[in-house]
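Only one structure is covered here, and it is reproduced in the block below.
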Amino acid sequence: MKATLNDITARILACKKPYQELLHRLETMEIKQDMPDAAFFQELQKICLQSEKFAKFLEDDPQLKTIPLEHLSSWHNEYYATLANYDNCPGNPDYAVKQYGEEMGRFISALYYQFILMYANQATNNYLQLEENLRLYFTFYDKAINGNTDYADWVKDYRIIMTENHKTKLYRKFYQNFYPEANINFDIIRNSDLNDLRYLYRYGMFISEASFKMAQFINNYPEKELNDIARYIVQCWIDGFTRANKDYRIKKTASIIVPCGMELLGRLVDNELEKIGIQGQFIVPYKVYENKQLNYDHRFDSALILDRDYTDMAINVYAEVVDDIQELIKGDAGPVCIELFGETPFSPVVKNSVLTLNKEQQELSREMMSKTAQIYYQYYKREQNSFCIIAFPSPEIGDKFPEIFADTLKINLLDSNHYAVIQQKIIDVLDKAEYVNVQGKTGNDTNINVKLHTLQNPEKETNFENCVADVNIPVGEVFTSPVLKGTNGTLHVADIYLGSLRYFNLKMHFADGWVKDYSCTNFEDPEEGKKYIYENLLLPHKSLPIGEFAIGTNTLAYQMALKYNILPRLPILIIEKMGPHFAIGDTCYSHEEDTPHPSFVNGKEMIAVDNEKSITRKEDPLNAYLQKHIDITLPYEMLGSITAVTKEGKKFDIIRDGKFVVSGTEELNIPLQEC
């Protein structure tokens, strides 16, 4: 039976009384020093009681308008103090394994990670999760005090408690995304006095100094210019629909994702969406983590519960809940996402102490990812939806943050129509080709042939999308879905961030379009480098195909990157416009291959929407999609040439010796020459 928002809210509030009863026991208990794992239980007790202090703040002052900012800051710093000394923190698997042994240490470290998130549960009045955490606490405390430290027994009880409310948690997650009254982020952004920075603590997550600086910067930004930015972002969102012959007016809602500190811009974006009849929904903001190593160390904590029974249960519950809320999903038009870049660089330490997924669990993870996506896309129709993503620098990027912000804004506002004309010149040459060869400069080992689809009617068909500023801001790329068979060679990038992780000398070797081998120099041991790539780029798949090949044309963005020496810290969203890039995983047309894709420039039909993997959706839709799309860019400075080669062997250079050479693209070389 369908559970309404009121039903779910009532279930969560019903957990308040048992939570408070357990909390009273926690507040009044004294942990004996000679009991097993005493230090750990003391640490969890401290986290719980610290989180309850925040709950008291909210109880006395739900908007945090009267509590002095220094009191909130002091509480916040104390709450996260243990993470600042991560070498001696139970959340560090190395430390926990050393203290408690391999199996129990990993378990205890995962439990700590779960408890450190209690701040968020307090902020959202999630009594179900709060009560669940305290039940976990006393379940294991009682076992320990009675001398039961059997790992298998602890994990068994952990699984029971963690899974018993799975359906309610999933309903809650979806309803938070679709109902403003259930969404703390909506209340914060729409109703707070954004000049009073105490509002930031209401999110229930770590708030960095950079978030405060960003909020001050945005709040003092010229009002007219900020309104213009919001209007431009929403217009690009609309353009993503109109250029693809889609109608946003048949939809009701759109998710808005903004970084902490940019709430005012988020509010203005919401205002613009409201003008066109779309209800904005603010989902979890773009996060800044107190300790990125902590999050990296716990990326596979699901290993504690992931087995056949859990997978079947999770998939069945997901199908039931999604079917119940299908009308909400059908009304979702697609997100407006504002990202940050330039945070302090992070290269993780790889540890043998962390939880990992075994081969069976990797396969179960892949199965769950595929089946839940298939269920969701029954109602979230990609052929009807669109999105828009734009990125701005974080204050962490350095002292020149205001200048970099201003120059990034100029890049983001470049004229789409002007670039479309230039890019069409490149597409016209590429459409003559059987394949494209990309080679790196001396010292870069890139040498790859990208096979293109055959155009049966070149007068009416094209292999490349003319991509300007709509779904992906800024302007500047032409892209295609390559044919896998015949796509062979090596891609080599010296320094790149993918998914917030840094890779040095990343090399991928392709055979018939699939990743066959890979390496990086992040670690002395090459095998550690392979493991790093596998776990963070490929998993849960053994390999991925090339889903996209593109040529970036935004040389002004490249000029900005060199001007401030920030190339490695730019996001893929901008870097992908600054050279050729290759995406491993699904094509850009995933789940909308059968929808027409005419060029908005000349009306030619884009035919390169499939490859040999995605086309299997007609017989095996579950396994046709990989649920990954990872862009890897070779920046101009590493690029030797891009050459279109015809079936007859004729060669037409797109880029040679660091310059665009196609007639009509000379303007793109001006920033390169100035560099």
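Here, A, B, ... name the chains of the structure tokens in the order displayed, residue numbers run from 1 inside each chain, and ligands are numbered from 1 in the same displayed order.
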
Who sits within 12 Å of range 36-41 of chain A, only C-alpha atoms, same chain under 6 positions skipped, as an NGL selection string: :A and (26 or 29-30 or 47-48 or 88-91 or 95-96 or 99-101 or 104-105 or 107-109 or 111-112 or 115 or 134 or 136-150)

Range 291-359 of chain A residues near range 540-558 of chain A within 12 Å, closest pair each, using only C-alpha atoms, as CSV:
residue,atom,partner,partner_atom,distance
A:Phe300,CA,A:Pro540,CA,11.3
A:Thr356,CA,A:Pro540,CA,11.6
A:Leu357,CA,A:Pro540,CA,9.2
A:Asn358,CA,A:Pro540,CA,10.4
A:Lys359,CA,A:Pro540,CA,9.1

Go ahead and save the residues from that selection, with all heavy atoms, as a PDB file, in the first residue's frame.
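After the write, part_22.pdb holds the following:
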ATOM      1  N   PHE A 300      33.230   1.745   0.450  1.00  0.00           N
ATOM      2  CA  PHE A 300      32.704   0.392   0.249  1.00  0.00           C
ATOM      3  C   PHE A 300      32.167  -0.212   1.543  1.00  0.00           C
ATOM      4  O   PHE A 300      32.147  -1.430   1.717  1.00  0.00           O
ATOM      5  CB  PHE A 300      33.789  -0.519  -0.331  1.00  0.00           C
ATOM      6  CG  PHE A 300      34.271  -0.113  -1.697  1.00  0.00           C
ATOM      7  CD1 PHE A 300      35.631  -0.018  -1.970  1.00  0.00           C
ATOM      8  CD2 PHE A 300      33.372   0.179  -2.706  1.00  0.00           C
ATOM      9  CE1 PHE A 300      36.080   0.350  -3.220  1.00  0.00           C
ATOM     10  CE2 PHE A 300      33.804   0.553  -3.966  1.00  0.00           C
ATOM     11  CZ  PHE A 300      35.170   0.637  -4.228  1.00  0.00           C
ATOM     12  N   THR A 356      36.228  -3.706   1.449  1.00  0.00           N
ATOM     13  CA  THR A 356      36.163  -3.763  -0.006  1.00  0.00           C
ATOM     14  C   THR A 356      35.069  -4.739  -0.419  1.00  0.00           C
ATOM     15  O   THR A 356      34.620  -5.573   0.373  1.00  0.00           O
ATOM     16  CB  THR A 356      37.500  -4.224  -0.616  1.00  0.00           C
ATOM     17  OG1 THR A 356      37.833  -5.514  -0.074  1.00  0.00           O
ATOM     18  CG2 THR A 356      38.617  -3.236  -0.298  1.00  0.00           C
ATOM     19  N   LEU A 357      34.642  -4.622  -1.655  1.00  0.00           N
ATOM     20  CA  LEU A 357      33.649  -5.546  -2.196  1.00  0.00           C
ATOM     21  C   LEU A 357      34.363  -6.737  -2.815  1.00  0.00           C
ATOM     22  O   LEU A 357      35.269  -6.567  -3.632  1.00  0.00           O
ATOM     23  CB  LEU A 357      32.797  -4.859  -3.261  1.00  0.00           C
ATOM     24  CG  LEU A 357      32.029  -3.595  -2.849  1.00  0.00           C
ATOM     25  CD1 LEU A 357      31.234  -3.061  -4.034  1.00  0.00           C
ATOM     26  CD2 LEU A 357      31.111  -3.860  -1.667  1.00  0.00           C
ATOM     27  N   ASN A 358      33.949  -7.943  -2.426  1.00  0.00           N
ATOM     28  CA  ASN A 358      34.515  -9.125  -3.075  1.00  0.00           C
ATOM     29  C   ASN A 358      33.889  -9.278  -4.459  1.00  0.00           C
ATOM     30  O   ASN A 358      32.998  -8.503  -4.855  1.00  0.00           O
ATOM     31  CB  ASN A 358      34.327 -10.375  -2.217  1.00  0.00           C
ATOM     32  CG  ASN A 358      32.860 -10.686  -1.933  1.00  0.00           C
ATOM     33  OD1 ASN A 358      31.991 -10.475  -2.782  1.00  0.00           O
ATOM     34  ND2 ASN A 358      32.578 -11.207  -0.737  1.00  0.00           N
ATOM     35  N   LYS A 359      34.325 -10.295  -5.213  1.00  0.00           N
ATOM     36  CA  LYS A 359      33.860 -10.440  -6.591  1.00  0.00           C
ATOM     37  C   LYS A 359      32.346 -10.632  -6.662  1.00  0.00           C
ATOM     38  O   LYS A 359      31.678 -10.079  -7.540  1.00  0.00           O
ATOM     39  CB  LYS A 359      34.584 -11.608  -7.259  1.00  0.00           C
ATOM     40  CG  LYS A 359      36.058 -11.326  -7.543  1.00  0.00           C
ATOM     41  CD  LYS A 359      36.709 -12.478  -8.291  1.00  0.00           C
ATOM     42  CE  LYS A 359      38.173 -12.155  -8.589  1.00  0.00           C
ATOM     43  NZ  LYS A 359      38.840 -13.269  -9.314  1.00  0.00           N
TER      44      LYS A 359
END

Non-local contacts of range 475-479 of chain A (10 Å; only C-alpha atoms; under 2 positions in same chain excluded) as JSON, numbers by chain: {"A": [411, 412, 413, 414, 415, 416, 417, 418, 419, 420, 422, 423, 424, 426, 427, 430, 463, 464, 465, 466, 467, 468, 469, 470, 471, 472, 473, 481, 482, 548, 549, 550, 551, 552, 553, 554, 555, 556, 557, 574, 576, 577, 578, 579, 580, 581, 582, 588, 608]}

Secondary structure check, strand (DSSP E) residues of range 233-350 of chain A, as a list in words: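 Of range 233-350 of chain A, only Thr253, Ala254, Ser255, Ile256, Ile257, Gln279, Gly280, Gln281, Phe282, Val336, Cys337, Ile338, Glu339, Leu340 and Phe341 of chain A fall in strand (DSSP E).
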
Expected file contents, prior selection, C-alpha atoms, as a compact mmCIF listing (two decimals), in the first residue's frame:
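Everything below was put into selection_24.txt:
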# COMPACT_ATOMS: atom_id res chain seq x y z
CA THR A 253 9.39 20.36 -10.99
CA ALA A 254 13.13 20.77 -11.37
CA SER A 255 15.84 19.96 -8.83
CA ILE A 256 18.24 22.79 -7.96
CA ILE A 257 21.67 21.91 -6.60
CA GLN A 279 8.53 24.38 -8.99
CA GLY A 280 12.14 24.30 -7.84
CA GLN A 281 13.25 21.64 -5.37
CA PHE A 282 16.51 22.11 -3.46
CA VAL A 336 19.79 22.76 -12.58
CA CYS A 337 23.19 22.12 -11.05
CA ILE A 338 25.72 24.72 -9.89
CA GLU A 339 29.09 23.15 -9.11
CA LEU A 340 32.28 24.36 -7.48
CA PHE A 341 35.85 23.80 -8.56

DSSP-assigned helix (DSSP H, G or I) members of range 346-484 of chain A, reported as a ChimeraX atom specification: /A:359-376,395-397,401-412,416-430

Those same residues - N, CA and C atoms - I'd like them written as a tab-separated table (two decimals), in the first residue's frame.
chain	number	residue	atom	x	y	z
A	359	LYS	N	34.33	-10.29	-5.21
A	359	LYS	CA	33.86	-10.44	-6.59
A	359	LYS	C	32.35	-10.63	-6.66
A	360	GLU	N	31.81	-11.41	-5.76
A	360	GLU	CA	30.36	-11.61	-5.74
A	360	GLU	C	29.63	-10.31	-5.45
A	361	GLN	N	30.14	-9.53	-4.51
A	361	GLN	CA	29.50	-8.26	-4.16
A	361	GLN	C	29.62	-7.25	-5.29
A	362	GLN	N	30.73	-7.26	-6.01
A	362	GLN	CA	30.88	-6.37	-7.16
A	362	GLN	C	29.81	-6.66	-8.20
A	363	GLU	N	29.53	-7.95	-8.42
A	363	GLU	CA	28.51	-8.33	-9.39
A	363	GLU	C	27.12	-7.94	-8.88
A	364	LEU	N	26.89	-8.11	-7.58
A	364	LEU	CA	25.60	-7.71	-7.00
A	364	LEU	C	25.43	-6.19	-7.09
A	365	SER	N	26.50	-5.45	-6.87
A	365	SER	CA	26.45	-3.99	-6.98
A	365	SER	C	26.09	-3.58	-8.40
A	366	ARG	N	26.71	-4.23	-9.37
A	366	ARG	CA	26.40	-3.94	-10.77
A	366	ARG	C	24.94	-4.26	-11.08
A	367	GLU	N	24.47	-5.39	-10.58
A	367	GLU	CA	23.09	-5.79	-10.81
A	367	GLU	C	22.11	-4.78	-10.20
A	368	MET	N	22.38	-4.36	-8.97
A	368	MET	CA	21.48	-3.41	-8.31
A	368	MET	C	21.49	-2.07	-9.04
A	369	MET	N	22.66	-1.63	-9.46
A	369	MET	CA	22.77	-0.37	-10.19
A	369	MET	C	21.97	-0.43	-11.48
A	370	SER	N	22.09	-1.53	-12.21
A	370	SER	CA	21.41	-1.67	-13.49
A	370	SER	C	19.90	-1.78	-13.32
A	371	LYS	N	19.46	-2.60	-12.38
A	371	LYS	CA	18.03	-2.85	-12.23
A	371	LYS	C	17.29	-1.64	-11.66
A	372	THR	N	17.90	-0.94	-10.70
A	372	THR	CA	17.23	0.24	-10.16
A	372	THR	C	17.15	1.35	-11.20
A	373	ALA	N	18.19	1.48	-12.02
A	373	ALA	CA	18.15	2.48	-13.09
A	373	ALA	C	17.05	2.14	-14.10
A	374	GLN	N	16.95	0.86	-14.45
A	374	GLN	CA	15.92	0.44	-15.39
A	374	GLN	C	14.52	0.74	-14.84
A	375	ILE	N	14.35	0.52	-13.55
A	375	ILE	CA	13.06	0.81	-12.91
A	375	ILE	C	12.76	2.31	-12.96
A	376	TYR	N	13.76	3.12	-12.61
A	376	TYR	CA	13.55	4.57	-12.55
A	376	TYR	C	13.24	5.16	-13.93
A	395	PRO	N	36.33	29.66	-3.11
A	395	PRO	CA	37.36	30.51	-2.51
A	395	PRO	C	38.64	29.76	-2.18
A	396	GLU	N	38.56	28.42	-2.08
A	396	GLU	CA	39.76	27.63	-1.83
A	396	GLU	C	40.77	27.73	-2.95
A	397	ILE	N	40.36	28.24	-4.10
A	397	ILE	CA	41.26	28.28	-5.24
A	397	ILE	C	42.42	29.25	-5.04
A	401	PHE	N	40.77	34.51	-6.06
A	401	PHE	CA	39.40	34.01	-6.24
A	401	PHE	C	38.47	35.02	-6.91
A	402	PRO	N	38.40	36.29	-6.49
A	402	PRO	CA	37.47	37.22	-7.15
A	402	PRO	C	37.76	37.38	-8.64
A	403	GLU	N	39.05	37.45	-8.99
A	403	GLU	CA	39.41	37.59	-10.40
A	403	GLU	C	39.06	36.34	-11.20
A	404	ILE	N	39.32	35.17	-10.58
A	404	ILE	CA	39.01	33.92	-11.27
A	404	ILE	C	37.51	33.77	-11.43
A	405	PHE	N	36.75	34.18	-10.41
A	405	PHE	CA	35.28	34.13	-10.51
A	405	PHE	C	34.82	35.01	-11.67
A	406	ALA	N	35.37	36.21	-11.78
A	406	ALA	CA	34.96	37.13	-12.85
A	406	ALA	C	35.29	36.57	-14.22
A	407	ASP	N	36.47	35.99	-14.37
A	407	ASP	CA	36.87	35.43	-15.67
A	407	ASP	C	36.08	34.16	-15.99
A	408	THR	N	35.77	33.37	-14.96
A	408	THR	CA	34.94	32.19	-15.19
A	408	THR	C	33.56	32.61	-15.67
A	409	LEU	N	33.02	33.66	-15.09
A	409	LEU	CA	31.71	34.15	-15.50
A	409	LEU	C	31.75	34.55	-16.98
A	410	LYS	N	32.82	35.23	-17.40
A	410	LYS	CA	32.94	35.61	-18.81
A	410	LYS	C	32.93	34.38	-19.71
A	411	ILE	N	33.65	33.35	-19.28
A	411	ILE	CA	33.69	32.10	-20.05
A	411	ILE	C	32.31	31.48	-20.12
A	412	ASN	N	31.60	31.49	-18.99
A	412	ASN	CA	30.27	30.87	-18.94
A	412	ASN	C	29.24	31.61	-19.79
A	416	SER	N	26.60	31.48	-27.55
A	416	SER	CA	26.39	30.14	-28.11
A	416	SER	C	26.26	30.17	-29.63
A	417	ASN	N	25.48	31.09	-30.15
A	417	ASN	CA	25.23	31.13	-31.59
A	417	ASN	C	26.52	31.39	-32.37
A	418	HIS	N	27.37	32.24	-31.82
A	418	HIS	CA	28.64	32.54	-32.49
A	418	HIS	C	29.52	31.29	-32.56
A	419	TYR	N	29.61	30.57	-31.44
A	419	TYR	CA	30.44	29.36	-31.42
A	419	TYR	C	29.83	28.26	-32.28
A	420	ALA	N	28.51	28.21	-32.37
A	420	ALA	CA	27.86	27.18	-33.17
A	420	ALA	C	28.28	27.27	-34.63
A	421	VAL	N	28.41	28.48	-35.14
A	421	VAL	CA	28.81	28.68	-36.54
A	421	VAL	C	30.24	28.16	-36.75
A	422	ILE	N	31.14	28.50	-35.81
A	422	ILE	CA	32.52	28.05	-35.92
A	422	ILE	C	32.61	26.52	-35.82
A	423	GLN	N	31.90	25.97	-34.87
A	423	GLN	CA	31.96	24.53	-34.65
A	423	GLN	C	31.39	23.74	-35.82
A	424	GLN	N	30.43	24.34	-36.52
A	424	GLN	CA	29.87	23.64	-37.67
A	424	GLN	C	30.91	23.45	-38.76
A	425	LYS	N	31.86	24.38	-38.86
A	425	LYS	CA	32.96	24.23	-39.83
A	425	LYS	C	33.76	22.96	-39.53
A	426	ILE	N	33.99	22.70	-38.25
A	426	ILE	CA	34.73	21.50	-37.84
A	426	ILE	C	33.92	20.25	-38.13
A	427	ILE	N	32.62	20.29	-37.80
A	427	ILE	CA	31.76	19.13	-38.03
A	427	ILE	C	31.69	18.77	-39.51
A	428	ASP	N	31.64	19.79	-40.36
A	428	ASP	CA	31.56	19.52	-41.80
A	428	ASP	C	32.78	18.74	-42.29
A	429	VAL	N	33.94	18.99	-41.70
A	429	VAL	CA	35.15	18.23	-42.06
A	429	VAL	C	35.10	16.84	-41.46
A	430	LEU	N	34.72	16.75	-40.20
A	430	LEU	CA	34.66	15.45	-39.52
A	430	LEU	C	33.68	14.50	-40.19

Nearest residue to His509 in chain A from the set A:Asn522, A:Thr487, A:Ser211, A:Thr633 (distances using only C-alpha atoms):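 Checking each candidate against His509 in chain A, we get A:Thr487 as the closest.
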
Exercise: Gly529 in chain A partners within 10 Å, only C-alpha atoms, chain neighbours under 4 positions left out, as an NGL selection string: :A and (350 or 503-504 or 506 or 518-525 or 533-534)

Generate a file of the selected residues that holds N, CA and C atoms, formatted as an mmCIF file, in the first residue's frame.
data_model
loop_
_atom_site.group_PDB
_atom_site.id
_atom_site.type_symbol
_atom_site.label_atom_id
_atom_site.label_comp_id
_atom_site.auth_asym_id
_atom_site.auth_seq_id
_atom_site.Cartn_x
_atom_site.Cartn_y
_atom_site.Cartn_z
ATOM 1 N N VAL A 350 45.873 5.031 -0.234
ATOM 2 C CA VAL A 350 45.208 3.749 -0.442
ATOM 3 C C VAL A 350 45.596 2.807 0.690
ATOM 4 N N TYR A 503 44.776 11.937 -10.675
ATOM 5 C CA TYR A 503 45.495 10.862 -11.362
ATOM 6 C C TYR A 503 46.715 11.459 -12.056
ATOM 7 N N PHE A 504 47.867 10.828 -11.833
ATOM 8 C CA PHE A 504 49.099 11.244 -12.495
ATOM 9 C C PHE A 504 49.447 10.234 -13.587
ATOM 10 N N LEU A 506 47.857 9.150 -16.184
ATOM 11 C CA LEU A 506 46.802 8.172 -16.443
ATOM 12 C C LEU A 506 46.914 7.700 -17.888
ATOM 13 N N TYR A 518 45.349 -0.395 -18.205
ATOM 14 C CA TYR A 518 45.376 0.961 -17.669
ATOM 15 C C TYR A 518 46.461 1.054 -16.609
ATOM 16 N N SER A 519 46.925 2.285 -16.375
ATOM 17 C CA SER A 519 47.978 2.509 -15.378
ATOM 18 C C SER A 519 47.995 3.969 -14.971
ATOM 19 N N CYS A 520 48.641 4.247 -13.846
ATOM 20 C CA CYS A 520 48.927 5.614 -13.416
ATOM 21 C C CYS A 520 50.158 5.562 -12.530
ATOM 22 N N THR A 521 50.728 6.723 -12.236
ATOM 23 C CA THR A 521 51.951 6.768 -11.432
ATOM 24 C C THR A 521 51.709 7.393 -10.062
ATOM 25 N N ASN A 522 50.493 7.269 -9.550
ATOM 26 C CA ASN A 522 50.189 7.796 -8.220
ATOM 27 C C ASN A 522 50.952 7.074 -7.118
ATOM 28 N N PHE A 523 51.331 5.824 -7.378
ATOM 29 C CA PHE A 523 51.952 4.997 -6.342
ATOM 30 C C PHE A 523 53.225 4.353 -6.887
ATOM 31 N N GLU A 524 54.151 4.042 -5.984
ATOM 32 C CA GLU A 524 55.385 3.385 -6.397
ATOM 33 C C GLU A 524 55.106 2.022 -7.012
ATOM 34 N N ASP A 525 54.154 1.302 -6.437
ATOM 35 C CA ASP A 525 53.797 -0.022 -6.932
ATOM 36 C C ASP A 525 52.774 0.122 -8.064
ATOM 37 N N ILE A 533 42.669 2.799 -10.165
ATOM 38 C CA ILE A 533 41.857 3.084 -11.347
ATOM 39 C C ILE A 533 40.635 2.182 -11.392
ATOM 40 N N TYR A 534 40.849 0.904 -11.131
ATOM 41 C CA TYR A 534 39.743 -0.050 -11.196
ATOM 42 C C TYR A 534 38.647 0.302 -10.191
#

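Each of A:Asp87, A:Glu52, A:Asp312, A:Asp247 was compared to Gln293 in chain A using only C-alpha atoms, and A:Asp87 turns out to be the nearest.
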
Point-to-point distance in Å for CA of Leu268 in chain A and CA of Ile229 in chain A: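 One can read the CA of Ile229 in chain A to CA of Leu268 in chain A distance as 8.9 Å.
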